[in-house]
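As stored in target_19.tsv (TSV, C-alpha atoms):
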chain	number	residue	atom	x	y	z
A	104	MET	CA	22.09	-64.50	31.04
A	105	SER	CA	24.33	-61.73	29.80
A	106	LEU	CA	27.85	-60.45	29.98
A	107	HIS	CA	27.46	-58.08	32.90
A	108	ALA	CA	29.35	-54.81	33.02
A	109	ALA	CA	30.22	-52.55	35.87
A	110	THR	CA	29.64	-48.82	35.71
A	111	PRO	CA	32.06	-47.49	33.07
A	112	ASP	CA	34.95	-45.31	34.12
A	113	ASP	CA	36.35	-42.42	32.13
A	114	ASP	CA	37.34	-44.31	29.02
A	115	ASP	CA	36.27	-47.94	29.17
A	116	GLU	CA	33.90	-50.44	30.74
A	117	ARG	CA	34.62	-53.64	32.58
A	118	PRO	CA	32.48	-56.53	31.37
A	119	GLU	CA	32.07	-59.38	33.80
A	120	GLY	CA	30.33	-62.71	33.66
A	121	GLU	CA	28.11	-63.77	36.49
A	122	PRO	CA	28.55	-61.85	39.77
A	123	ALA	CA	31.92	-62.58	41.35
A	124	ARG	CA	31.88	-65.96	43.04
A	125	SER	CA	33.64	-66.86	46.28
A	126	ASP	CA	33.40	-69.80	48.64
A	127	GLN	CA	30.82	-70.06	51.38
A	128	ALA	CA	33.33	-69.25	54.16
A	129	GLY	CA	33.94	-65.80	52.73
A	130	ASN	CA	37.23	-66.57	51.01
A	131	PRO	CA	37.60	-63.96	48.24
A	132	ALA	CA	38.83	-66.56	45.78
A	133	PRO	CA	38.29	-65.71	42.10
A	134	GLY	CA	35.80	-67.85	40.23
A	135	TRP	CA	38.43	-69.54	38.10
A	136	LEU	CA	40.24	-70.82	41.22
A	137	VAL	CA	36.98	-72.08	42.74
A	138	ASP	CA	36.23	-73.86	39.47
A	139	LEU	CA	39.63	-75.52	39.30
A	140	ARG	CA	39.37	-76.69	42.91
A	141	ARG	CA	35.75	-77.82	42.97
A	142	SER	CA	34.65	-78.76	39.45
A	143	ASP	CA	34.95	-82.10	37.74
A	144	HIS	CA	37.38	-80.61	35.25
A	145	ARG	CA	40.08	-79.33	37.62
A	146	ARG	CA	42.46	-78.74	34.74
A	147	GLY	CA	44.15	-75.46	34.10
A	148	PHE	CA	46.82	-73.11	35.32
A	149	TYR	CA	47.70	-69.62	36.48
A	150	GLN	CA	50.96	-68.20	35.21
A	151	SER	CA	52.24	-64.90	36.55
A	152	LEU	CA	54.30	-62.66	34.28
A	153	GLY	CA	54.57	-59.67	36.58
A	154	ASN	CA	52.48	-57.06	34.82
A	155	TYR	CA	50.36	-59.74	33.17
A	156	ALA	CA	49.05	-63.20	33.97
A	157	LEU	CA	47.55	-66.12	32.08
A	158	VAL	CA	44.60	-68.05	33.48
A	159	PHE	CA	43.65	-71.24	31.63
A	160	THR	CA	40.51	-73.19	32.44
A	161	ASP	CA	40.14	-76.40	30.43
A	162	ARG	CA	36.56	-77.41	29.66
A	163	GLY	CA	37.26	-79.53	26.61
A	164	SER	CA	38.71	-79.18	23.13
A	165	ASP	CA	35.69	-77.81	21.29
A	166	GLN	CA	35.86	-74.04	21.84
A	167	LEU	CA	38.65	-71.91	23.30
A	168	ILE	CA	38.01	-68.27	24.16
A	169	VAL	CA	41.13	-66.14	24.51
A	170	SER	CA	40.10	-62.99	26.34
A	171	PHE	CA	42.11	-59.85	26.99
A	172	ASP	CA	41.46	-57.41	29.82
A	173	ASN	CA	40.41	-53.83	29.18
A	174	LEU	CA	41.63	-50.65	30.81
A	175	SER	CA	39.24	-50.65	33.74
A	176	SER	CA	40.17	-54.26	34.49
A	177	ALA	CA	43.83	-53.28	34.62
A	178	ARG	CA	42.95	-50.69	37.26
A	179	ASP	CA	41.09	-53.21	39.41
A	180	GLU	CA	43.23	-54.40	42.33
A	181	ALA	CA	40.64	-56.81	43.76
A	182	ILE	CA	42.10	-60.20	44.66
A	183	GLY	CA	38.97	-61.92	43.39
A	184	ARG	CA	39.23	-60.43	39.92
A	185	GLU	CA	38.50	-62.71	37.00
A	186	PRO	CA	39.51	-62.64	33.32
A	187	TRP	CA	37.30	-60.61	31.00
A	188	GLY	CA	33.96	-62.34	30.43
A	189	TYR	CA	34.83	-65.31	32.66
A	190	GLY	CA	31.31	-66.07	33.92
A	191	PHE	CA	29.81	-65.92	30.43
A	192	VAL	CA	32.43	-68.31	29.03
A	193	ALA	CA	32.05	-70.69	31.98
A	194	ASN	CA	28.27	-70.81	31.63
A	195	ASN	CA	28.65	-71.82	28.00
A	196	GLY	CA	31.06	-74.64	28.91
A	197	TRP	CA	33.90	-73.31	26.76
A	198	SER	CA	37.57	-73.41	27.63
A	199	GLN	CA	39.20	-70.06	28.32
A	200	LEU	CA	42.65	-68.56	28.28
A	201	GLY	CA	42.30	-65.23	30.06
A	202	VAL	CA	45.13	-62.75	29.56
A	203	MET	CA	44.93	-60.51	32.60
A	204	ALA	CA	46.57	-57.08	32.70
A	205	PHE	CA	47.77	-55.28	35.83
A	206	THR	CA	49.09	-52.25	33.98
A	207	PRO	CA	47.53	-49.98	31.32
A	208	ARG	CA	50.33	-50.63	28.81
A	209	TRP	CA	48.35	-52.31	26.05
A	210	PHE	CA	50.02	-55.72	26.54
A	211	ARG	CA	53.33	-54.37	25.28
A	212	ASP	CA	55.56	-56.81	27.16
A	213	PRO	CA	58.29	-59.08	25.70
A	214	ALA	CA	57.69	-61.69	28.42
A	215	LEU	CA	54.03	-61.94	27.39
A	216	PHE	CA	55.00	-62.12	23.72
A	217	ALA	CA	57.40	-65.00	24.44
A	218	VAL	CA	54.91	-67.06	26.43
A	219	LEU	CA	52.13	-66.71	23.85
A	220	GLU	CA	54.57	-67.52	21.04
A	221	ASP	CA	55.75	-70.63	22.89
A	222	MET	CA	52.16	-71.75	23.37
A	223	ALA	CA	51.49	-71.30	19.66
A	224	ALA	CA	54.67	-73.17	18.68
A	225	SER	CA	53.87	-76.06	21.02
A	226	GLY	CA	50.46	-76.58	19.42
A	227	PHE	CA	48.40	-75.35	22.37
A	228	PHE	CA	45.87	-73.52	20.20
A	229	ARG	CA	45.65	-76.37	17.68
A	230	ARG	CA	44.13	-78.59	20.37
A	231	PHE	CA	40.82	-76.80	19.93
A	232	ARG	CA	38.30	-77.11	17.12
A	233	SER	CA	37.67	-73.36	17.21
A	234	VAL	CA	39.49	-70.44	18.83
A	235	THR	CA	38.02	-66.98	19.39
A	236	LEU	CA	40.05	-63.97	20.57
A	237	THR	CA	38.06	-61.18	22.15
A	238	GLY	CA	38.24	-58.01	24.20
A	239	THR	CA	37.13	-54.40	24.32
A	240	SER	CA	39.18	-51.24	23.69
A	241	MET	CA	42.69	-52.14	24.95
A	242	GLY	CA	41.62	-55.78	24.97
A	243	GLY	CA	40.15	-55.41	21.49
A	244	TYR	CA	43.51	-54.19	20.21
A	245	ALA	CA	45.20	-57.24	21.75
A	246	ALA	CA	42.64	-59.67	20.33
A	247	CYS	CA	43.44	-58.37	16.85
A	248	ALA	CA	47.21	-58.05	17.34
A	249	PHE	CA	47.78	-61.57	18.69
A	250	ALA	CA	45.52	-63.17	16.07
A	251	ARG	CA	48.63	-63.83	13.98
A	252	LEU	CA	49.54	-66.57	16.49
A	253	VAL	CA	46.27	-68.45	15.79
A	254	PRO	CA	45.73	-68.63	12.02
A	255	GLY	CA	42.08	-69.13	11.11
A	256	CYS	CA	40.78	-67.89	14.45
A	257	THR	CA	37.74	-65.67	14.98
A	258	VAL	CA	38.27	-62.21	16.47
A	259	VAL	CA	35.48	-60.30	18.22
A	260	ALA	CA	36.86	-56.84	19.01
A	261	PHE	CA	34.73	-54.15	20.63
A	262	SER	CA	35.80	-50.53	20.01
A	263	PRO	CA	39.43	-51.58	19.44
A	264	GLN	CA	42.47	-49.49	18.76
A	265	SER	CA	44.51	-50.61	15.77
A	266	THR	CA	47.69	-49.34	17.46
A	267	LEU	CA	48.93	-46.51	19.62
A	268	ARG	CA	52.16	-46.11	17.66
A	269	LYS	CA	52.47	-42.39	17.11
A	270	ASP	CA	53.72	-42.53	13.53
A	271	LEU	CA	50.78	-44.72	12.49
A	272	VAL	CA	47.98	-42.89	14.36
A	273	PRO	CA	49.25	-39.34	14.99
A	274	TRP	CA	45.63	-38.23	15.50
A	275	GLU	CA	45.12	-40.48	18.56
A	276	THR	CA	45.27	-38.36	21.72
A	277	ARG	CA	43.55	-40.71	24.18
A	278	PHE	CA	45.15	-43.30	26.46
A	279	ALA	CA	48.27	-41.46	27.61
A	280	ALA	CA	49.69	-44.45	29.50
A	281	GLY	CA	49.31	-46.70	26.49
A	282	ARG	CA	50.91	-44.22	24.11
A	283	LYS	CA	53.95	-44.08	26.42
A	284	ALA	CA	54.48	-47.84	26.15
A	285	ASP	CA	57.21	-49.31	23.94
A	286	TRP	CA	55.68	-49.81	20.49
A	287	SER	CA	58.92	-50.75	18.75
A	288	GLY	CA	58.52	-54.54	18.95
A	289	PRO	CA	56.16	-57.06	17.31
A	290	TYR	CA	52.36	-56.94	17.41
A	291	ALA	CA	52.52	-53.15	17.15
A	292	ASP	CA	49.91	-52.82	14.41
A	293	ALA	CA	46.79	-54.89	14.99
A	294	ALA	CA	45.38	-53.87	11.61
A	295	ALA	CA	48.23	-55.76	9.94
A	296	ASP	CA	48.65	-58.56	12.48
A	297	CYS	CA	45.08	-59.86	12.16
A	298	ALA	CA	45.51	-60.80	8.49
A	299	ALA	CA	45.78	-64.52	9.29
A	300	ALA	CA	42.50	-64.66	11.21
A	301	GLY	CA	39.48	-66.31	9.68
A	302	ARG	CA	37.09	-63.46	10.51
A	303	VAL	CA	37.63	-60.22	12.37
A	304	PHE	CA	34.41	-58.71	13.71
A	305	LEU	CA	35.05	-55.01	14.42
A	306	ILE	CA	32.18	-53.81	16.60
A	307	HIS	CA	32.30	-50.04	16.97
A	308	ASP	CA	30.46	-46.75	16.58
A	309	PRO	CA	31.23	-45.32	13.12
A	310	LEU	CA	29.90	-41.94	14.29
A	311	PHE	CA	32.60	-41.78	17.00
A	312	GLU	CA	35.53	-40.40	15.03
A	313	PRO	CA	38.55	-41.88	16.89
A	314	ASP	CA	37.12	-45.41	16.75
A	315	ARG	CA	36.04	-44.94	13.14
A	316	GLN	CA	39.58	-43.96	12.19
A	317	HIS	CA	41.02	-47.03	13.87
A	318	ALA	CA	38.47	-49.31	12.21
A	319	ALA	CA	39.26	-47.79	8.80
A	320	ARG	CA	42.84	-49.06	9.11
A	321	PHE	CA	41.60	-52.68	9.03
A	322	CYS	CA	41.42	-53.39	5.33
A	323	HIS	CA	41.95	-57.15	4.94
A	324	ALA	CA	39.23	-59.22	3.30
A	325	ASN	CA	38.54	-61.03	6.58
A	326	THR	CA	37.36	-57.82	8.28
A	327	VAL	CA	33.63	-57.59	9.08
A	328	PRO	CA	32.80	-54.08	10.36
A	329	LEU	CA	29.71	-54.12	12.57
A	330	PRO	CA	28.36	-50.66	13.41
A	331	VAL	CA	26.75	-49.82	16.74
A	332	ARG	CA	25.72	-46.22	16.12
A	333	HIS	CA	25.48	-43.76	19.01
A	334	SER	CA	27.33	-46.11	21.40
A	335	GLY	CA	30.48	-43.97	21.50
A	336	HIS	CA	33.46	-45.88	22.86
A	337	LYS	CA	31.13	-48.17	24.82
A	338	SER	CA	29.91	-50.60	22.16
A	339	ALA	CA	30.07	-53.65	24.46
A	340	LEU	CA	28.26	-51.87	27.28
A	341	PHE	CA	25.64	-50.54	24.87
A	342	LEU	CA	24.96	-54.04	23.56
A	343	ARG	CA	24.76	-55.45	27.07
A	344	ARG	CA	22.16	-52.86	28.07
A	345	ALA	CA	20.20	-53.72	24.96
A	346	GLY	CA	20.26	-57.39	26.00
A	347	LEU	CA	22.25	-58.33	22.90
A	348	LEU	CA	25.83	-58.87	24.02
A	349	SER	CA	25.52	-62.53	25.02
A	350	THR	CA	23.68	-63.46	21.83
A	351	ILE	CA	26.19	-61.70	19.60
A	352	MET	CA	29.16	-63.27	21.38
A	353	ARG	CA	27.62	-66.74	21.33
A	354	GLU	CA	26.77	-66.57	17.63
A	355	ALA	CA	30.23	-65.24	16.77
A	356	VAL	CA	31.92	-68.05	18.69
A	357	GLU	CA	29.68	-70.73	17.22
A	358	GLY	CA	30.03	-69.45	13.67
A	359	GLY	CA	26.53	-68.12	13.05
A	360	LEU	CA	27.13	-64.37	13.18
A	361	THR	CA	26.90	-62.43	9.92
A	362	ALA	CA	26.66	-58.73	9.16
A	363	ALA	CA	22.98	-59.15	8.22
A	364	ARG	CA	22.21	-61.00	11.43
A	365	PHE	CA	24.05	-58.38	13.49
A	366	HIS	CA	22.12	-55.53	11.88
A	367	ALA	CA	18.83	-57.31	12.54
A	368	LEU	CA	19.72	-57.84	16.21
A	369	CYS	CA	20.85	-54.26	16.67
A	370	ARG	CA	17.47	-52.87	15.76
A	371	GLU	CA	16.58	-53.74	19.36
A	372	GLY	CA	19.19	-51.25	20.53
A	373	ARG	CA	17.22	-48.38	19.02
A	374	LYS	CA	14.77	-48.68	21.90
A	375	LEU	CA	17.38	-47.61	24.43
A	376	PRO	CA	17.24	-44.04	25.76
A	377	TRP	CA	21.02	-44.10	25.21
A	378	TYR	CA	20.50	-44.54	21.46
A	379	ARG	CA	17.80	-41.89	21.24
A	380	ARG	CA	19.94	-39.41	23.18
A	381	GLY	CA	22.61	-40.03	20.57
A	382	VAL	CA	20.16	-39.26	17.77
A	383	ILE	CA	19.17	-36.04	19.57
A	384	GLU	CA	22.78	-34.93	20.05
A	385	ARG	CA	23.48	-35.54	16.37
A	386	ALA	CA	20.36	-33.57	15.43
A	387	TYR	CA	21.57	-30.58	17.46
A	388	ALA	CA	25.03	-30.85	15.90
A	389	ARG	CA	23.45	-30.73	12.44
A	390	GLY	CA	21.29	-27.75	13.30
A	391	ARG	CA	18.03	-29.71	13.31
A	392	PRO	CA	16.35	-28.99	16.66
A	393	GLU	CA	12.95	-29.92	15.21
A	394	LEU	CA	14.19	-33.51	14.76
A	395	ALA	CA	15.44	-33.53	18.36
A	396	ALA	CA	11.97	-32.36	19.51
A	397	ARG	CA	10.28	-35.15	17.57
A	398	VAL	CA	12.52	-37.78	19.18
A	399	ILE	CA	11.84	-36.36	22.66
A	400	ARG	CA	8.08	-36.55	22.05
A	401	TYR	CA	8.46	-40.08	20.72
A	402	MET	CA	10.34	-41.13	23.86
A	403	ARG	CA	7.53	-39.84	26.07
A	404	GLN	CA	4.94	-41.66	23.97
A	405	ARG	CA	6.95	-44.88	24.27
A	406	GLY	CA	7.02	-44.86	28.05
A	407	GLN	CA	10.41	-43.22	28.58
A	408	ALA	CA	8.89	-40.28	30.42
A	409	TYR	CA	11.75	-39.59	32.82
A	410	ALA	CA	14.41	-39.52	30.10
A	411	ALA	CA	12.12	-37.38	27.94
A	412	HIS	CA	11.60	-34.94	30.81
A	413	ILE	CA	15.36	-34.48	31.29
A	414	LEU	CA	15.88	-33.95	27.56
A	415	ARG	CA	12.91	-31.55	27.42
A	416	LYS	CA	14.55	-29.25	29.97
A	417	ARG	CA	17.72	-29.14	27.93
A	418	HIS	CA	15.81	-28.50	24.73
A	419	LEU	CA	13.96	-25.61	26.38
A	420	ALA	CA	17.24	-24.08	27.55
A	421	MET	CA	18.85	-24.45	24.14
A	422	THR	CA	16.02	-23.41	21.83
A	423	GLY	CA	13.34	-21.67	23.89
A	424	MET	CA	10.89	-24.23	22.49
A	425	ASP	CA	8.94	-26.80	24.48
A	426	PRO	CA	9.13	-30.07	22.49
A	427	PHE	CA	5.94	-31.26	24.19
A	428	LEU	CA	4.02	-28.19	23.03
A	429	THR	CA	5.94	-27.40	19.85
A	430	ARG	CA	5.61	-23.66	20.39
A	431	ALA	CA	7.85	-20.89	21.67
A	432	ARG	CA	8.24	-20.33	25.37
A	433	THR	CA	6.65	-17.07	26.59
A	434	PRO	CA	9.33	-14.52	27.55
Translate the structure of the given file into structure tokens.
Amino acid sequence: MSLHAATPDDDDERPEGEPARSDQAGNPAPGWLVDLRRSDHRRGFYQSLGNYALVFTDRGSDQLIVSFDNLSSARDEAIGREPWGYGFVANNGWSQLGVMAFTPRWFRDPALFAVLEDMAASGFFRRFRSVTLTGTSMGGYAACAFARLVPGCTVVAFSPQSTLRKDLVPWETRFAAGRKADWSGPYADAAADCAAAGRVFLIHDPLFEPDRQHAARFCHANTVPLPVRHSGHKSALFLRRAGLLSTIMREAVEGGLTAARFHALCREGRKLPWYRRGVIERAYARGRPELAARVIRYMRQRGQAYAAHILRKRHLAMTGMDPFLTRARTP
């Protein structure tokens, strides 16, 4: 079982759990509502805040996952939409507080701040033995920023922004809607706000400059940078396609994930055509077409003939050399 993801849009991916569930009569009810109505637990709530909503599903006091939607989720108007990673969390039997977004404003909302602060003050998070905050991109920012409300928590942030406050990250030119949000209030700098967390796993591509710059702003001792090279801004999707996302999430939640363990797992990702295309692109950028040719030949030898064929045509057009023959093309 894995955290499924839909086809990524222009700047983010939308991870899902199991395929969307609805009742047998065709009612497009979201999975969390079906669970609350039909499971033995039947404890939880949905709280609407206008541009945001909280969905809590109580499955016991052992583990709580606090998930934050990403940008593609915020664009999804489907009535059956579920919180980020809902199916994965449900299948593991963990409780979940899903923070759903209906606007691409990076959770910059005083009403949301107030509700989460009230929950923290009332002891809601202290009910659980362990709390993990997680999300990707926009959701990764939120997981880090709101960690100050749950001291000692674990944060698993995929390709997060540290902030979109212009004076702190003047080099950030992506996410126009988010940069237009009001960044004058609290939780405006996730790199500072996550100081109280127990561990902050920053999963990102250090070769992708914007995400590397954001990750570099996290400098507290609790930060554990976990590189996923050649994934671009799609670290969660990359890990899902490598069959690693569920394992990494589960081990992070249960306390077994370390940098060494992550690096060992990620060796599996090197088998992906996605990864090898990244190596080839970097080879071209460094003026090393012979390395690109070697990788293309290696892909063909390893059974990735179609991907190798596509890359061969590009290599021919760029260099006049056939990587399969390693000699110049006849004029």
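Counting all atoms listed in the file and comparing A:Ala339, A:Ala294, A:Val253, A:Leu236, the residue that lies closest to A:Cys322 is A:Ala294.
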Atom pair atom CA of A:Ala298 / atom CA of A:Ala223: separation (Å):
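If I compute the distance from atom CA of A:Ala298 to atom CA of A:Ala223, I get 16.5 Å.
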Give me the residues near A:Ser225 as an MDAnalysis selection string, where near means some atom within 12 Å (using only C-alpha atoms) and where sequence neighbours in that chain fewer than 6 positions away do not count.
chainID A and resid 218:219 252:253
For the selection you just gave me, I'd like the residues written to a file as a PDB file, in the coordinates of the input, keeping C-alpha atoms.
ATOM      1  CA  VAL A 218      54.910 -67.060  26.430  1.00  0.00           C
ATOM      2  CA  LEU A 219      52.130 -66.710  23.850  1.00  0.00           C
ATOM      3  CA  LEU A 252      49.540 -66.570  16.490  1.00  0.00           C
ATOM      4  CA  VAL A 253      46.270 -68.450  15.790  1.00  0.00           C
TER       5      VAL A 253
END
With the cut-off set at 12 Å and counting all atoms listed in the file, tabulate each residue of stretch 353-397 of chain A with an atom at most that distance from an atom of stretch 159-166 of chain A, showing the nearest atom pair and its distance in Å to one decimal, ordered by chain and increasing number, as a Markdown table.
| residue | atom | partner | partner_atom | distance |
| --- | --- | --- | --- | --- |
| A:Arg353 | CA | A:Gln166 | CA | 11.0 |
| A:Ala355 | CA | A:Gln166 | CA | 11.6 |
| A:Val356 | CA | A:Gln166 | CA | 7.8 |
| A:Glu357 | CA | A:Gln166 | CA | 8.4 |
| A:Gly358 | CA | A:Gln166 | CA | 11.0 |
Select from stretch 315-360 of chain A every residue with an atom at most 9 Å from any atom of stretch 237-246 of chain A, then for each give the shortest pair of atoms and their distance in Å to one decimal, using only C-alpha atoms, rows by chain and rising number, as a tab-separated table.
residue	atom	partner	partner_atom	distance
A:His336	CA	A:Ser240	CA	7.9
A:Lys337	CA	A:Thr239	CA	8.7
A:Ser338	CA	A:Thr239	CA	8.4
A:Ala339	CA	A:Thr239	CA	7.1
note - atom CA of A:Gly188 and atom CA of A:Arg141 are separated by 20.0 Å
Can you pull out every residue within 9 Å of stretch 378-380 of chain A, counting only C-alpha atoms, but drop anything in the same chain fewer than 2 positions away, and send it as a list in words?
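Non-adjacent residues within range: Arg332, His333, Ser334, Phe341, Gly372, Arg373, Lys374, Leu375, Pro376, Val382, Ile383, Glu384, Arg385, Ala395, Val398, Ile399, Met402, Ala410 and Leu414 of chain A.
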Pick the closest to A:Ser198 from A:Glu180, A:Glu393, A:Asp138, A:Asp314: which is it, counting all atoms listed in the file?
A:Asp138
Between atom CA of A:Thr422 and atom CA of A:Tyr401, distance in Å (one decimal):
18.3 Å
Which residue of A:Ala280, A:Leu152, A:Leu167, A:Leu348 approaches A:Pro207 most closely, using only C-alpha atoms
A:Ala280
Stretch 298-316 of chain A, all listed atoms, 3 Å padding on each side: what axis-aligned box centre and edge lengths in Å to one decimal come out, as JSON?
{"center_x": 37.8, "center_y": -53.4, "center_z": 12.7, "size_x": 21.9, "size_y": 31.9, "size_z": 14.5}
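Close contacts of A:Trp209, defined as residues with an atom at most 10 Å away when counting all atoms listed in the file, with chain neighbours fewer than 4 positions off set aside, comprise Phe171, Asp172, Asn173, Leu174, Ala177, Ala204, Ser240, Met241, Gly242, Gly243, Tyr244, Ala245, Gln264, Thr266, Leu267, Phe278, Ala280, Gly281, Arg282, Lys283, Ala284, Asp285, Trp286 and Ala291 of chain A.
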Need the shell around A:Ala318: protein/DNA/RNA residues with any atom at most 9 Å away, counting only C-alpha atoms. Skip same-chain ones fewer than 3 positions apart. Format as a count of residues only?
15
Long-range neighbours of A:Arg370 as a PyMOL selection string, 12 Å cut-off, only C-alpha atoms, 5 positions minimum in chain
chain A and resi 330-332+342+345-347+363-365+375+378
